[in-house]
$ cat my_file00.cif   # mmCIF, C-alpha atoms and all ligand atoms
data_entry
#
loop_
_atom_site.label_atom_id
_atom_site.label_comp_id
_atom_site.auth_asym_id
_atom_site.auth_seq_id
_atom_site.Cartn_x
_atom_site.Cartn_y
_atom_site.Cartn_z
CA MET A 1016 -53.08 110.03 -224.77
CA LEU A 1017 -52.25 112.18 -221.76
CA GLU A 1018 -52.09 115.91 -222.35
CA VAL A 1019 -50.92 118.40 -219.76
CA ARG A 1020 -51.25 122.04 -220.74
CA GLY A 1021 -50.04 125.14 -218.92
CA LEU A 1022 -49.72 123.43 -215.54
CA THR A 1023 -48.83 125.68 -212.64
CA LEU A 1024 -48.35 124.27 -209.15
CA LYS A 1025 -47.53 125.83 -205.80
CA TYR A 1026 -46.77 124.67 -202.28
CA GLY A 1027 -48.20 127.53 -200.25
CA GLN A 1028 -46.56 130.71 -201.55
CA SER A 1029 -43.77 128.93 -203.33
CA GLN A 1030 -44.33 128.24 -207.02
CA ILE A 1031 -42.80 124.97 -208.24
CA LEU A 1032 -44.13 124.43 -211.78
CA TYR A 1033 -44.50 127.15 -214.40
CA ASP A 1034 -46.76 126.58 -217.38
CA VAL A 1035 -45.70 122.98 -217.98
CA ASP A 1036 -46.82 121.21 -221.17
CA LEU A 1037 -46.42 117.49 -221.62
CA THR A 1038 -47.90 114.98 -224.07
CA ALA A 1039 -47.57 111.24 -223.50
CA GLU A 1040 -48.88 108.94 -226.19
CA ALA A 1041 -49.90 105.31 -225.88
CA GLY A 1042 -47.15 102.97 -227.02
CA ARG A 1043 -44.46 105.51 -226.12
CA VAL A 1044 -42.19 106.14 -223.16
CA THR A 1045 -41.99 109.84 -222.32
CA ALA A 1046 -39.05 110.66 -220.06
CA VAL A 1047 -39.29 113.64 -217.71
CA MET A 1048 -35.80 114.63 -216.67
CA GLY A 1049 -34.11 117.30 -214.60
CA THR A 1050 -31.87 117.85 -211.58
CA ASN A 1051 -32.99 117.37 -207.96
CA GLY A 1052 -35.87 119.53 -206.86
CA VAL A 1053 -36.95 120.89 -210.26
CA GLY A 1054 -40.49 119.61 -209.75
CA LYS A 1055 -40.65 116.20 -211.47
CA THR A 1056 -42.38 114.43 -208.59
CA SER A 1057 -44.73 117.38 -208.15
CA LEU A 1058 -45.76 117.04 -211.79
CA LEU A 1059 -46.56 113.34 -211.33
CA LYS A 1060 -48.46 114.15 -208.12
CA ALA A 1061 -50.60 116.66 -209.98
CA ILE A 1062 -51.34 114.21 -212.81
CA SER A 1063 -52.23 111.45 -210.35
CA GLY A 1064 -54.54 113.65 -208.30
CA ARG A 1065 -52.26 113.69 -205.25
CA HIS A 1066 -51.64 117.41 -205.22
CA PRO A 1067 -53.89 120.21 -206.47
CA TYR A 1068 -52.59 122.52 -209.18
CA ASP A 1069 -53.33 126.18 -209.63
CA ARG A 1070 -53.77 126.55 -213.36
CA GLY A 1071 -53.72 124.41 -216.47
CA THR A 1072 -55.50 121.31 -217.73
CA ILE A 1073 -54.85 117.58 -217.65
CA THR A 1074 -56.74 115.47 -220.17
CA LEU A 1075 -56.71 111.75 -220.76
CA ASN A 1076 -57.98 110.54 -224.14
CA GLY A 1077 -59.79 113.83 -224.57
CA ARG A 1078 -61.49 113.84 -221.14
CA GLU A 1079 -60.36 116.43 -218.64
CA LEU A 1080 -59.34 115.23 -215.18
CA VAL A 1081 -60.69 118.20 -213.30
CA HIS A 1082 -58.52 118.51 -210.18
CA ALA A 1083 -59.14 114.82 -209.71
CA SER A 1084 -58.61 113.10 -206.37
CA ALA A 1085 -56.13 110.22 -206.36
CA HIS A 1086 -59.07 107.82 -206.41
CA ALA A 1087 -60.76 109.57 -209.35
CA ALA A 1088 -57.50 109.75 -211.32
CA ALA A 1089 -56.91 106.03 -210.73
CA LYS A 1090 -60.45 105.22 -211.84
CA ALA A 1091 -59.91 107.30 -214.98
CA GLY A 1092 -56.85 105.20 -215.85
CA VAL A 1093 -53.86 106.95 -214.26
CA ALA A 1094 -51.54 104.65 -212.30
CA TYR A 1095 -48.72 106.07 -210.18
CA VAL A 1096 -45.66 104.23 -208.92
CA PRO A 1097 -44.22 106.58 -206.31
CA GLN A 1098 -40.59 107.27 -205.61
CA GLY A 1099 -39.66 105.04 -202.66
CA ARG A 1100 -42.26 102.48 -203.77
CA GLU A 1101 -44.62 102.72 -200.76
CA ILE A 1102 -45.04 98.99 -200.32
CA PHE A 1103 -46.97 97.91 -197.22
CA PRO A 1104 -44.16 96.17 -195.31
CA LEU A 1105 -46.35 94.00 -193.07
CA LEU A 1106 -48.69 92.81 -195.83
CA SER A 1107 -47.86 89.85 -198.06
CA VAL A 1108 -46.95 90.26 -201.72
CA THR A 1109 -50.45 89.08 -202.66
CA GLU A 1110 -52.09 91.51 -200.23
CA ASN A 1111 -49.95 94.35 -201.58
CA LEU A 1112 -51.12 93.48 -205.10
CA GLU A 1113 -54.72 93.35 -203.91
CA SER A 1114 -54.41 96.84 -202.43
CA GLY A 1115 -54.44 97.95 -206.09
CA PHE A 1116 -58.05 96.72 -206.34
CA ALA A 1117 -59.41 99.78 -204.52
CA CYS A 1118 -60.43 101.65 -207.67
CA LEU A 1119 -61.80 98.59 -209.51
CA GLY A 1120 -65.32 97.22 -209.61
CA ARG A 1121 -66.00 93.84 -207.95
CA ALA A 1122 -65.94 91.89 -211.22
CA GLU A 1123 -62.51 93.27 -212.14
CA ARG A 1124 -60.83 92.35 -208.86
CA GLY A 1125 -58.34 89.70 -209.82
CA VAL A 1126 -54.59 89.55 -210.44
CA PRO A 1127 -54.17 88.88 -214.17
CA GLU A 1128 -51.76 86.04 -214.99
CA ARG A 1129 -49.93 88.59 -217.18
CA ILE A 1130 -48.65 90.29 -214.03
CA TYR A 1131 -46.84 87.09 -213.00
CA GLU A 1132 -45.51 86.61 -216.53
CA LEU A 1133 -43.94 90.06 -216.32
CA PHE A 1134 -42.71 89.57 -212.75
CA PRO A 1135 -42.29 85.81 -212.05
CA VAL A 1136 -40.58 86.57 -208.73
CA LEU A 1137 -43.89 87.84 -207.34
CA LYS A 1138 -45.48 84.42 -207.79
CA GLU A 1139 -42.57 82.72 -206.08
CA MET A 1140 -42.81 85.17 -203.19
CA ALA A 1141 -46.59 85.47 -202.99
CA GLY A 1142 -46.76 84.75 -199.25
CA ARG A 1143 -43.66 86.74 -198.27
CA ARG A 1144 -44.09 90.06 -196.44
CA GLY A 1145 -43.52 93.12 -198.61
CA GLY A 1146 -40.96 94.48 -196.14
CA ASP A 1147 -38.86 91.31 -196.49
CA LEU A 1148 -38.34 91.74 -200.25
CA SER A 1149 -35.21 93.33 -201.68
CA GLY A 1150 -35.45 96.89 -202.99
CA GLY A 1151 -35.57 95.62 -206.57
CA GLN A 1152 -38.33 93.12 -205.76
CA GLN A 1153 -40.29 95.85 -203.98
CA GLN A 1154 -40.00 98.03 -207.08
CA GLN A 1155 -41.33 95.19 -209.21
CA LEU A 1156 -44.18 94.75 -206.73
CA ALA A 1157 -44.98 98.48 -206.87
CA ILE A 1158 -45.11 98.43 -210.68
CA ALA A 1159 -47.21 95.24 -210.65
CA ARG A 1160 -49.65 96.80 -208.15
CA ALA A 1161 -50.06 99.77 -210.48
CA LEU A 1162 -50.69 97.50 -213.47
CA ILE A 1163 -53.51 95.71 -211.62
CA THR A 1164 -55.73 98.69 -212.45
CA ARG A 1165 -55.13 98.17 -216.22
CA PRO A 1166 -54.10 101.83 -216.59
CA LYS A 1167 -54.07 103.98 -219.68
CA VAL A 1168 -51.13 105.94 -218.29
CA LEU A 1169 -48.37 104.56 -216.10
CA LEU A 1170 -46.41 107.16 -214.12
CA LEU A 1171 -43.07 105.88 -212.84
CA ASP A 1172 -41.10 107.99 -210.37
CA GLU A 1173 -37.41 107.02 -210.39
CA PRO A 1174 -37.91 103.26 -210.71
CA THR A 1175 -34.15 102.57 -210.74
CA GLU A 1176 -33.33 104.44 -207.52
CA GLY A 1177 -31.27 102.29 -205.18
CA ILE A 1178 -31.65 99.14 -207.27
CA GLN A 1179 -29.07 96.59 -208.45
CA PRO A 1180 -28.06 96.63 -212.12
CA ASN A 1181 -29.55 93.20 -212.98
CA ILE A 1182 -33.00 94.21 -211.65
CA ILE A 1183 -32.72 97.60 -213.39
CA LYS A 1184 -32.26 95.66 -216.62
CA GLN A 1185 -35.35 93.54 -215.92
CA ILE A 1186 -37.41 96.63 -215.10
CA GLY A 1187 -36.25 98.29 -218.32
CA HIS A 1188 -37.27 95.18 -220.22
CA VAL A 1189 -40.76 95.20 -218.66
CA ILE A 1190 -41.24 98.91 -219.44
CA ALA A 1191 -40.21 98.27 -223.06
CA GLN A 1192 -42.67 95.35 -223.28
CA LEU A 1193 -45.52 97.46 -221.91
CA ARG A 1194 -44.67 100.21 -224.39
CA ASP A 1195 -44.52 97.78 -227.30
CA GLU A 1196 -47.95 96.38 -226.46
CA GLY A 1197 -49.13 99.85 -227.45
CA GLU A 1198 -52.05 100.19 -225.00
CA MET A 1199 -50.47 102.40 -222.42
CA ALA A 1200 -48.60 105.70 -222.24
CA VAL A 1201 -45.59 105.50 -219.93
CA VAL A 1202 -44.26 108.62 -218.21
CA LEU A 1203 -40.84 107.95 -216.74
CA VAL A 1204 -39.26 110.35 -214.24
CA GLU A 1205 -35.64 109.27 -214.07
CA GLN A 1206 -32.27 110.61 -212.98
CA PHE A 1207 -30.32 107.60 -214.27
CA PHE A 1208 -29.53 109.25 -217.57
CA ASP A 1209 -28.49 106.24 -219.64
CA PHE A 1210 -31.49 104.20 -218.53
CA ALA A 1211 -33.92 106.92 -219.61
CA TYR A 1212 -31.95 107.76 -222.74
CA GLU A 1213 -32.00 104.17 -223.97
CA LEU A 1214 -35.65 103.59 -223.20
CA ALA A 1215 -37.54 106.77 -224.00
CA ASP A 1216 -39.18 107.84 -227.25
CA HIS A 1217 -39.72 111.43 -226.17
CA PHE A 1218 -37.83 113.68 -223.77
CA VAL A 1219 -39.06 116.52 -221.60
CA ALA A 1220 -36.37 118.31 -219.61
CA ILE A 1221 -37.44 120.56 -216.76
CA ARG A 1222 -35.30 123.32 -215.34
CA ARG A 1223 -36.39 125.48 -212.41
CA GLY A 1224 -39.96 124.30 -212.80
CA ALA A 1225 -40.31 125.09 -216.50
CA VAL A 1226 -39.96 122.93 -219.60
CA GLU A 1227 -36.63 123.65 -221.24
CA MET A 1228 -36.62 120.90 -223.84
CA ASN A 1229 -39.47 118.87 -225.34
CA GLU A 1230 -38.29 116.70 -228.20
CA PRO A 1231 -38.82 113.32 -229.81
CA ARG A 1232 -35.95 110.85 -229.77
CA ALA A 1233 -35.07 111.47 -233.43
CA GLU A 1234 -34.40 115.15 -232.77
CA VAL A 1235 -32.72 114.94 -229.41
CA ASP A 1236 -29.05 115.71 -229.07
CA ARG A 1237 -27.59 113.55 -226.27
CA GLU A 1238 -25.03 116.07 -225.05
CA ARG A 1239 -27.53 118.94 -224.99
CA LEU A 1240 -30.03 116.80 -223.07
CA LEU A 1241 -27.30 115.71 -220.66
CA ALA A 1242 -26.29 119.33 -220.07
CA CYS A 1243 -29.93 120.27 -219.57
CA VAL A 1244 -30.47 117.70 -216.82
CA THR A 1245 -27.18 117.88 -214.98
CA ILE A 1246 -26.21 121.54 -214.74
N1 LIG B 1 -45.06 119.04 -199.66
C1 LIG B 1 -44.21 120.01 -199.99
N2 LIG B 1 -44.27 121.22 -199.38
C2 LIG B 1 -43.42 122.22 -199.72
N3 LIG B 1 -42.44 122.11 -200.67
C3 LIG B 1 -42.33 120.94 -201.29
C4 LIG B 1 -43.20 119.82 -200.99
N4 LIG B 1 -42.86 118.79 -201.79
C5 LIG B 1 -41.82 119.23 -202.55
N5 LIG B 1 -41.52 120.50 -202.24
C6 LIG B 1 -40.47 121.32 -202.90
O1 LIG B 1 -40.83 121.45 -204.26
C7 LIG B 1 -39.67 121.41 -205.08
C8 LIG B 1 -39.85 120.32 -206.13
O2 LIG B 1 -39.89 119.06 -205.50
P1 LIG B 1 -40.09 117.72 -206.31
O3 LIG B 1 -40.04 116.58 -205.33
O4 LIG B 1 -41.27 117.82 -207.17
O5 LIG B 1 -38.78 117.71 -207.21
P2 LIG B 1 -38.08 116.58 -208.01
O6 LIG B 1 -37.65 117.16 -209.29
O7 LIG B 1 -38.95 115.36 -208.07
O8 LIG B 1 -36.81 116.25 -207.10
P3 LIG B 1 -36.04 114.86 -206.81
O9 LIG B 1 -35.37 114.51 -208.08
O10 LIG B 1 -35.06 115.26 -205.74
O11 LIG B 1 -37.05 113.87 -206.36
C9 LIG B 1 -38.50 121.19 -204.15
O12 LIG B 1 -37.90 122.42 -203.91
C10 LIG B 1 -39.11 120.64 -202.88
O13 LIG B 1 -38.37 120.99 -201.76
#

$ encode --input "my_file00.cif" --output "structure tokens" --more "lines below"
Ligand SMILES: Nc1ncnc2c1ncn2[C@@H]1O[C@H](COP(=O)(O)OP(=O)(O)OP(=O)(O)O)[C@@H](O)[C@H]1O
Amino acid sequence: MLEVRGLTLKYGQSQILYDVDLTAEAGRVTAVMGTNGVGKTSLLKAISGRHPYDRGTITLNGRELVHASAHAAAKAGVAYVPQGREIFPLLSVTENLESGFACLGRAERGVPERIYELFPVLKEMAGRRGGDLSGGQQQQLAIARALITRPKVLLLDEPTEGIQPNIIKQIGHVIAQLRDEGEMAVVLVEQFFDFAYELADHFVAIRRGAVEMNEPRAEVDRERLLACVTI
């Protein structure tokens, strides 16, 4: 379980996150929602050790990630799929997957067959350059690369952005499968409301850098959530 408590984050003098609390349990999808610029990506960057935070704590299965570096966070079990995917365009699909090995010990450095079961297209395109894949295929590659580390928490930053509906469906199906396996907590930052609404078990809405709504699916009112993340 990932627990974020009282997280405060600044860029220079400008404060972006105010006292943010978030809990993401294994076997659940936790959606983080909000309009442009409210601080969703910044929250994921703090959790994944890519940006320092000023106050608060981040714990994973009871162990605090003390201002972890990206490498330390990855080693501890946090995987981050960034907005825009950050595929290496000149490396092959296989080489892109292998770039996920960096935080693993020698004995663990292999691409599990499970990755290709989830994303068969990556096997078909193993030798193709990352930059030659479609946006949807690149997104699948980025998620697969994150899964190579066998994470305890998977952070997804807008996985549907700029992607065709049929691939969005496939990605939703994979996220649901990963959730149902029950080993991993999934934190989904998403502006495609219906995608997040259908998939998530818990909703955290952020407005102006603070949590405005933090509710399980059973208690959430669709219209109130929609208003919270669009106005
Ligand atoms: N490196 C940075 N330096 C200074 N300000 C930044 C930096 N990165 C982001 N910001 C600002 O912090 C605020 C929050 O940005 P962030 O990317 O976390 O928001 P977001 O909710 O993910 O937005 P979007 O949905 O548009 O991706 C924005 O006002 C943004 O301009």

$ residues_near_ligand --input "my_file00.cif" --ligand "ligand LIG 1 (chain B)" --cutoff "9 Å" --atoms "all atoms listed in the file" --output "VMD selection string"
chain A and resid 1025 to 1027 1029 to 1032 1048 to 1060 1066 1098 1172 to 1173 1204 to 1206 1221 to 1224

$ closest_atom_pairs --input "my_file00.cif" --of "stretch 1154-1239 of chain A" --to "stretch 1121-1132 of chain A" --cutoff "9 Å" --atoms "only C-alpha atoms" --output "tab-separated table"
residue	atom	partner	partner_atom	distance
A:Ala1159	CA	A:Ile1130	CA	6.2
A:Arg1160	CA	A:Ile1130	CA	8.8
A:Leu1162	CA	A:Ile1130	CA	7.5
A:Ile1163	CA	A:Val1126	CA	6.4
A:Thr1164	CA	A:Glu1123	CA	8.7

$ write_last_selection --input "my_file00.cif" --atoms "C-alpha atoms" --output "tab-separated table (two decimals), in the frame of the given file"
chain	number	residue	atom	x	y	z
A	1159	ALA	CA	-47.21	95.24	-210.65
A	1160	ARG	CA	-49.65	96.80	-208.15
A	1162	LEU	CA	-50.69	97.50	-213.47
A	1163	ILE	CA	-53.51	95.71	-211.62
A	1164	THR	CA	-55.73	98.69	-212.45

$ closest_residue --input "my_file00.cif" --among "A:Ala1200, A:Leu1106, A:Ile1190, A:Val1019" --to "A:Asp1036" --atoms "all atoms listed in the file"
A:Val1019

$ atom_distance --input "my_file00.cif" --atom1 "atom CA of A:Gly1150" --atom2 "atom CA of A:Glu1101"
11.1 Å

$ atom_distance --input "my_file00.cif" --atom1 "atom CA of A:Glu1230" --atom2 "atom CA of A:Val1202"
14.2 Å

$ closest_residue --input "my_file00.cif" --among "A:Leu1170, A:Ala1041, A:Ala1046, A:Ala1141" --to "A:Gly1064" --atoms "all atoms listed in the file"
A:Leu1170

$ axis_aligned_box --input "my_file00.cif" --around "stretch 1072-1079 of chain A" --padding-each-side "8 Å" --output "AutoDock Vina command-line options"
--center_x -58.2 --center_y 115.9 --center_z -221.1 --size_x 22.6 --size_y 26.8 --size_z 22.9

$ closest_residue --input "my_file00.cif" --among "A:Glu1227, A:Asp1069, A:Glu1198, A:Glu1234" --to "A:Gly1092" --atoms "all atoms listed in the file"
A:Glu1198

$ residues_around --input "my_file00.cif" --residues "A:Ala1087" --least-positions-apart "3" --cutoff "12 Å" --atoms "only C-alpha atoms" --output "ChimeraX atom specification"
/A:1062-1065,1079-1084,1090-1094,1117-1119

$ atom_distance --input "my_file00.cif" --atom1 "atom CA of A:Glu1018" --atom2 "atom CA of A:Ala1211"
20.5 Å

$ closest_residue --input "my_file00.cif" --among "A:Leu1171, A:Val1047, A:Leu1137, A:Ala1220" --to "A:Pro1097" --atoms "only C-alpha atoms"
A:Leu1171

$ closest_residue --input "my_file00.cif" --among "A:Thr1109, A:Asn1181, A:Thr1038, A:Asn1076" --to "A:Glu1139" --atoms "all atoms listed in the file"
A:Thr1109

$ residues_around --input "my_file00.cif" --residues "A:Arg1194" --least-positions-apart "6" --cutoff "12 Å" --atoms "all atoms listed in the file" --output "PyMOL selection string"
chain A and resi 1039-1045+1167-1169+1187-1188+1200-1203+1214-1216

$ residues_around --input "my_file00.cif" --residues "A:Asp1034" --least-positions-apart "3" --cutoff "7 Å" --atoms "only C-alpha atoms" --output "PyMOL selection string"
chain A and resi 1021-1023+1225

$ residues_near_point --input "my_file00.cif" --point "(-43.9, 96.8, -197.9)" --cutoff "6 Å" --atoms "all atoms listed in the file" --output "number ranges by chain"
A: 1102-1104, 1145-1146

$ closest_residue --input "my_file00.cif" --among "A:Val1108, A:Ile1073, A:Ala1157, A:Ala1061" --to "A:Ala1085" --atoms "all atoms listed in the file"
A:Ala1061

$ residues_around --input "my_file00.cif" --residues "A:Gln1152" --least-positions-apart "2" --cutoff "10 Å" --atoms "only C-alpha atoms" --output "NGL selection string"
:A and (1108 or 1134 or 1136-1137 or 1140 or 1145 or 1147-1150 or 1154-1158 or 1178 or 1182)

$ decode --input "my_file00.cif" --residues "stretch 1109-1142 of chain A" --atoms "N, CA and C atoms" --output "tab-separated table (two decimals), in the first residue's frame"
chain	number	residue	atom	x	y	z
A	1109	THR	N	12.82	-3.97	-28.02
A	1109	THR	CA	13.49	-4.80	-27.02
A	1109	THR	C	14.45	-3.96	-26.17
A	1110	GLU	N	15.22	-3.09	-26.83
A	1110	GLU	CA	16.17	-2.25	-26.08
A	1110	GLU	C	15.44	-1.29	-25.15
A	1111	ASN	N	14.30	-0.77	-25.61
A	1111	ASN	CA	13.50	0.10	-24.73
A	1111	ASN	C	13.04	-0.67	-23.50
A	1112	LEU	N	12.60	-1.92	-23.71
A	1112	LEU	CA	12.17	-2.74	-22.57
A	1112	LEU	C	13.35	-2.97	-21.62
A	1113	GLU	N	14.51	-3.24	-22.21
A	1113	GLU	CA	15.69	-3.54	-21.39
A	1113	GLU	C	16.17	-2.32	-20.61
A	1114	SER	N	15.80	-1.13	-21.07
A	1114	SER	CA	16.20	0.07	-20.31
A	1114	SER	C	15.52	0.07	-18.93
A	1115	GLY	N	14.46	-0.73	-18.79
A	1115	GLY	CA	13.80	-0.87	-17.49
A	1115	GLY	C	14.59	-1.73	-16.51
A	1116	PHE	N	15.67	-2.37	-17.00
A	1116	PHE	CA	16.46	-3.26	-16.12
A	1116	PHE	C	17.31	-2.49	-15.11
A	1117	ALA	N	17.48	-1.18	-15.35
A	1117	ALA	CA	18.50	-0.42	-14.60
A	1117	ALA	C	18.42	-0.60	-13.09
A	1118	CYS	N	17.21	-0.76	-12.55
A	1118	CYS	CA	17.13	-0.85	-11.09
A	1118	CYS	C	17.04	-2.30	-10.60
A	1119	LEU	N	17.27	-3.25	-11.51
A	1119	LEU	CA	17.16	-4.67	-11.12
A	1119	LEU	C	18.55	-5.29	-10.96
A	1120	GLY	N	18.62	-6.30	-10.11
A	1120	GLY	CA	19.86	-7.07	-9.99
A	1120	GLY	C	20.06	-7.92	-11.23
A	1121	ARG	N	21.32	-8.41	-11.43
A	1121	ARG	CA	21.64	-9.18	-12.64
A	1121	ARG	C	20.69	-10.36	-12.88
A	1122	ALA	N	20.40	-11.09	-11.81
A	1122	ALA	CA	19.60	-12.31	-11.94
A	1122	ALA	C	18.16	-12.01	-12.37
A	1123	GLU	N	17.72	-10.78	-12.12
A	1123	GLU	CA	16.31	-10.44	-12.42
A	1123	GLU	C	16.14	-9.84	-13.81
A	1124	ARG	N	17.27	-9.69	-14.53
A	1124	ARG	CA	17.20	-8.96	-15.80
A	1124	ARG	C	16.72	-9.81	-16.96
A	1125	GLY	N	15.43	-9.94	-17.07
A	1125	GLY	CA	14.84	-10.65	-18.19
A	1125	GLY	C	13.46	-10.06	-18.44
A	1126	VAL	N	12.96	-10.21	-19.67
A	1126	VAL	CA	11.60	-9.73	-19.95
A	1126	VAL	C	10.65	-10.90	-19.72
A	1127	PRO	N	9.82	-10.83	-18.67
A	1127	PRO	CA	8.91	-11.95	-18.41
A	1127	PRO	C	7.94	-12.16	-19.57
A	1128	GLU	N	7.63	-13.42	-19.87
A	1128	GLU	CA	6.71	-13.75	-20.95
A	1128	GLU	C	5.36	-13.04	-20.75
A	1129	ARG	N	5.01	-12.82	-19.49
A	1129	ARG	CA	3.75	-12.15	-19.12
A	1129	ARG	C	3.61	-10.79	-19.82
A	1130	ILE	N	4.74	-10.11	-19.98
A	1130	ILE	CA	4.71	-8.79	-20.63
A	1130	ILE	C	4.18	-8.93	-22.06
A	1131	TYR	N	4.64	-9.99	-22.75
A	1131	TYR	CA	4.19	-10.17	-24.13
A	1131	TYR	C	2.75	-10.72	-24.18
A	1132	GLU	N	2.34	-11.39	-23.13
A	1132	GLU	CA	0.93	-11.82	-23.09
A	1132	GLU	C	0.02	-10.59	-22.96
A	1133	LEU	N	0.46	-9.64	-22.15
A	1133	LEU	CA	-0.34	-8.42	-21.97
A	1133	LEU	C	-0.29	-7.54	-23.22
A	1134	PHE	N	0.88	-7.50	-23.86
A	1134	PHE	CA	1.05	-6.61	-25.02
A	1134	PHE	C	1.67	-7.40	-26.18
A	1135	PRO	N	0.85	-8.25	-26.86
A	1135	PRO	CA	1.40	-9.10	-27.93
A	1135	PRO	C	2.11	-8.29	-29.03
A	1136	VAL	N	1.63	-7.06	-29.25
A	1136	VAL	CA	2.21	-6.25	-30.33
A	1136	VAL	C	3.71	-6.00	-30.11
A	1137	LEU	N	4.14	-6.03	-28.86
A	1137	LEU	CA	5.55	-5.74	-28.58
A	1137	LEU	C	6.45	-6.90	-29.03
A	1138	LYS	N	5.90	-8.09	-29.04
A	1138	LYS	CA	6.67	-9.24	-29.53
A	1138	LYS	C	6.79	-9.16	-31.06
A	1139	GLU	N	5.64	-8.83	-31.67
A	1139	GLU	CA	5.65	-8.71	-33.14
A	1139	GLU	C	6.61	-7.63	-33.60
A	1140	MET	N	6.78	-6.60	-32.79
A	1140	MET	CA	7.56	-5.43	-33.21
A	1140	MET	C	8.89	-5.33	-32.48
A	1141	ALA	N	9.37	-6.45	-31.96
A	1141	ALA	CA	10.55	-6.44	-31.09
A	1141	ALA	C	11.75	-5.69	-31.69
A	1142	GLY	N	11.94	-5.83	-33.01
A	1142	GLY	CA	13.13	-5.23	-33.63
A	1142	GLY	C	12.90	-3.83	-34.17
